[in-house]
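The next block holds one structure in the form of structure tokens; read it before the comments.
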Amino acid sequence: MDENPSRLDPIVERFRRTLERGRLATTYLFIGPVGAGKLWFANLLAGRLLCQQADHQAVAACGVCQSCLLLAAGSHPDLLHVAKPADKSSLPIALLIGEKERRGREGLCHDLGLRPAISTRRVAVIEDADAMKEESANCLLKTLEEPPPRSVLLLIAENEARVLPTIRSRSQVVRFPDPASADEPAAANESPQVEEVLNAVRSGLGREPLDPVLLGRALEPLMRAGGSKADDTSSDADAPTTQSAAQASAKKKRASGRDLLRVAVDEVIRLQHAELMRLAARNEHRTPAGDAIYRRLERSMVAAEEVERNANPGTLLQAYLQDLAELA
Ligand SMILES: [Zn+2]
């Protein structure tokens, strides 16, 4: 993946604001399925952090300085990168703390503590953070507990549950949306219900300030229908034999409560992001209004994850609307 997928815009924007405010954390944990763009973004961010003349307004490197050229050549002395070899089931501990005879004198944990060679900091990208044996995790943990000055660690994992809790708790978790699910609302577009939901979201959220009461009222039918997963329970496998083509087509057009909720959440994210862009264009994104949108974006991304995790759509929507109201 070499282009910025627009579904990652909220993440890019979030980091742009973080960098602009000088609030970068030391350790991030990027969670998401294969193809979600975690490594792509880690490389983008690393390039930006190492760049010698980066634009402070953007999450992008200049592309022409010594750092950027070395990065492009794959030989940047301040970028450390480890990943599980294809033939191994876990991340080898030697990559973190060196081979047996040189333990603690080489490996990522050692190298991260060296003075930056050409950039102002050192960046470590650690793939497969969910495939670490406890011994490796404990070594990394020491580094996370006392990170060397001027170092940034970007951990990447698919399965959050397999990341050692002590590592997770010392990282700022960034969740990447599933690229497969991002396409689904478009596929469900045949449904008139989808149009209704989109209109409802726009009526409550299409303008600032956000009107969560209006939004909630408009989405009421979805809240009622959202608790049921009836449309998901009938198996598609036997559709050809037990359903006529017309029935099958009708079923396809009737999106489930979960599908509709995902459409609603995605639309909230899209509208909030567009509003943030408008504020940024007028240089008003640092205002309280901008902060509120930013917090609602974060809350929306949590909601999007909850939809993915099959949370009860009705309960989810209720809590989501309540939080949006409080953030308005
Ligand atoms: Zn540069």
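Identifiers for the structure tokens are assigned positionally: chains receive A, B, ... in sequence, residues are indexed from 1 per chain, and ligands are indexed from 1 in the order shown.
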Nearby polymer residues, ligand 1, at most 7 Å, only C-alpha atoms and all ligand atoms, as a PyMOL selection string: chain A and resi 51-54+61-68
Can you list, as a PDB file with C-alpha atoms, in the first residue's frame, every residue of range 105-165 of chain A that DSSP puts in strand (DSSP E or B)?
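Result file is result_18.pdb:
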```pdb
ATOM      1  CA  ARG A 122      15.546   7.456  16.708  1.00  0.00           C
ATOM      2  CA  VAL A 123      12.447   5.559  15.652  1.00  0.00           C
ATOM      3  CA  ALA A 124      11.803   1.842  16.154  1.00  0.00           C
ATOM      4  CA  VAL A 125       9.156   0.015  14.132  1.00  0.00           C
ATOM      5  CA  ILE A 126       8.309  -3.313  15.766  1.00  0.00           C
ATOM      6  CA  SER A 151      13.173   7.746  20.930  1.00  0.00           C
ATOM      7  CA  VAL A 152       9.802   6.762  19.513  1.00  0.00           C
ATOM      8  CA  LEU A 153       8.492   3.198  19.328  1.00  0.00           C
ATOM      9  CA  LEU A 154       5.810   2.154  16.855  1.00  0.00           C
ATOM     10  CA  LEU A 155       4.452  -1.306  17.670  1.00  0.00           C
ATOM     11  CA  ILE A 156       2.300  -3.122  15.133  1.00  0.00           C
ATOM     12  CA  ALA A 157      -0.088  -5.991  15.843  1.00  0.00           C
TER      13      ALA A 157
END
```
Under the rule of at most 12 Å, produce a per-residue listing of range 31-101 of chain A near range 169-173 of chain A: chain, number, name, the closest pair of atoms, and the distance in Å, as a tab-separated table, using only C-alpha atoms.
```
residue	atom	partner	partner_atom	distance
A:Ile31	CA	A:Val173	CA	7.1
A:Gly32	CA	A:Val173	CA	10.5
A:Lys38	CA	A:Val173	CA	11.9
```
For range 104-113 of chain A: contacts at 7 Å, only C-alpha atoms, fewer than 5 positions along chain excluded, given as number ranges by chain: A: 80, 94-98, 122, 140, 143, 148, 151
Within 7 Å of range 263-274 of chain A using only C-alpha atoms, minus same-chain residues under 3 positions, as a PyMOL selection string: chain A and resi 10+185+197-198+201+206+259-260+277-278+293+297+300+304
With N, CA and C atoms kept, could you save the residues just selected as a compact mmCIF listing (two decimals), in the first residue's frame?
```txt
# COMPACT_ATOMS: atom_id res chain seq x y z
N PRO A 10 -8.79 10.12 9.26
CA PRO A 10 -8.91 10.54 10.66
C PRO A 10 -7.65 10.23 11.48
N PRO A 185 -20.66 -0.62 3.25
CA PRO A 185 -21.78 0.31 3.14
C PRO A 185 -22.10 0.64 1.69
N VAL A 197 -30.90 6.36 6.61
CA VAL A 197 -29.92 6.53 7.69
C VAL A 197 -28.98 7.69 7.37
N LEU A 198 -28.51 7.73 6.12
CA LEU A 198 -27.59 8.80 5.74
C LEU A 198 -28.27 10.16 5.90
N VAL A 201 -28.51 11.04 9.62
CA VAL A 201 -27.24 11.51 10.18
C VAL A 201 -26.96 12.94 9.72
N GLY A 206 -25.27 17.58 10.00
CA GLY A 206 -24.79 18.22 8.79
C GLY A 206 -24.26 19.63 9.02
N ASP A 259 -25.42 -3.39 9.79
CA ASP A 259 -24.97 -2.71 8.56
C ASP A 259 -25.35 -1.24 8.60
N LEU A 260 -26.61 -1.00 9.01
CA LEU A 260 -27.10 0.38 9.03
C LEU A 260 -26.34 1.22 10.05
N MET A 277 -11.71 19.67 8.42
CA MET A 277 -10.94 20.18 7.28
C MET A 277 -11.33 21.63 6.98
N ARG A 278 -12.64 21.91 7.07
CA ARG A 278 -13.10 23.28 6.82
C ARG A 278 -12.51 24.24 7.86
N ILE A 293 -14.89 18.48 17.82
CA ILE A 293 -14.98 17.61 16.65
C ILE A 293 -13.94 16.50 16.74
N LEU A 297 -14.61 12.59 16.78
CA LEU A 297 -13.99 11.67 15.81
C LEU A 297 -13.42 10.46 16.53
N SER A 300 -16.12 8.26 17.63
CA SER A 300 -16.72 7.57 16.49
C SER A 300 -15.86 6.39 16.06
N ALA A 304 -16.96 2.58 15.75
CA ALA A 304 -16.75 1.77 14.55
C ALA A 304 -16.13 0.42 14.92
```
Among the residues A:Leu114, A:Ile93, A:Leu8, A:Leu39, the one that comes closest to Cys139 in chain A [using only C-alpha atoms]: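 Closest to Cys139 in chain A, using only C-alpha atoms: A:Ile93.
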Looking only at the backbone, which of the residues in range 73-163 of chain A does DSSP tag as alpha helix (DSSP H), as a compact mmCIF listing (two decimals) with C-alpha atoms, in the first residue's frame?
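The result, stored in states-v3.txt:
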```txt
# COMPACT_ATOMS: atom_id res chain seq x y z
CA ILE A 93 14.59 -12.32 21.13
CA ALA A 94 17.99 -11.77 19.45
CA LEU A 95 16.42 -9.01 17.35
CA LEU A 96 15.60 -7.15 20.55
CA ILE A 97 18.62 -7.77 22.79
CA LEU A 108 16.85 -3.00 18.93
CA CYS A 109 16.62 -2.22 22.67
CA HIS A 110 20.34 -1.38 22.75
CA ASP A 111 20.45 0.51 19.45
CA GLU A 134 7.18 -13.63 27.27
CA GLU A 135 10.96 -13.38 27.52
CA SER A 136 11.08 -11.03 24.51
CA ALA A 137 8.12 -9.06 25.75
CA ASN A 138 9.79 -8.56 29.12
CA CYS A 139 12.94 -7.24 27.45
CA LEU A 140 10.91 -4.81 25.39
CA LEU A 141 8.97 -3.85 28.48
CA LYS A 142 12.14 -2.57 30.15
CA THR A 143 12.66 -0.25 27.19
CA LEU A 144 9.04 0.91 27.33
CA GLU A 145 9.29 1.60 31.05
```
Spatial neighbours of Gly35 in chain A, 10 Å, only C-alpha atoms, chain gap at least 3 places, as a ChimeraX atom specification: /A:1,32,38-40,176-180
All residues 12 Å or closer to Arg296 in chain A, only C-alpha atoms, same chain fewer than 6 positions away omitted, as a list in words: Pro10, Arg14, Leu205, Leu210, Pro212, Val265, Val268, Ile269, Arg270, Leu271, Gln272, His273, Glu275, Leu276, Ala289, Gly290, Val302, Ala303, Tyr320, Leu321, Gln322, Asp323, Leu324, Ala325, Glu326, Leu327 and Ala328 of chain A
Distance in Å - CA of Ala58 in chain A versus CA of Glu146 in chain A: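 Calculated distance between CA of Ala58 in chain A and CA of Glu146 in chain A is 28.8 Å.
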Minimum-distance residue to Arg17 in chain A, chosen among A:Leu44, A:Ala36, A:Val82, A:Ala280 (using only C-alpha atoms):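 Residue with the minimum atom-to-atom distance to Arg17 in chain A: A:Ala280.
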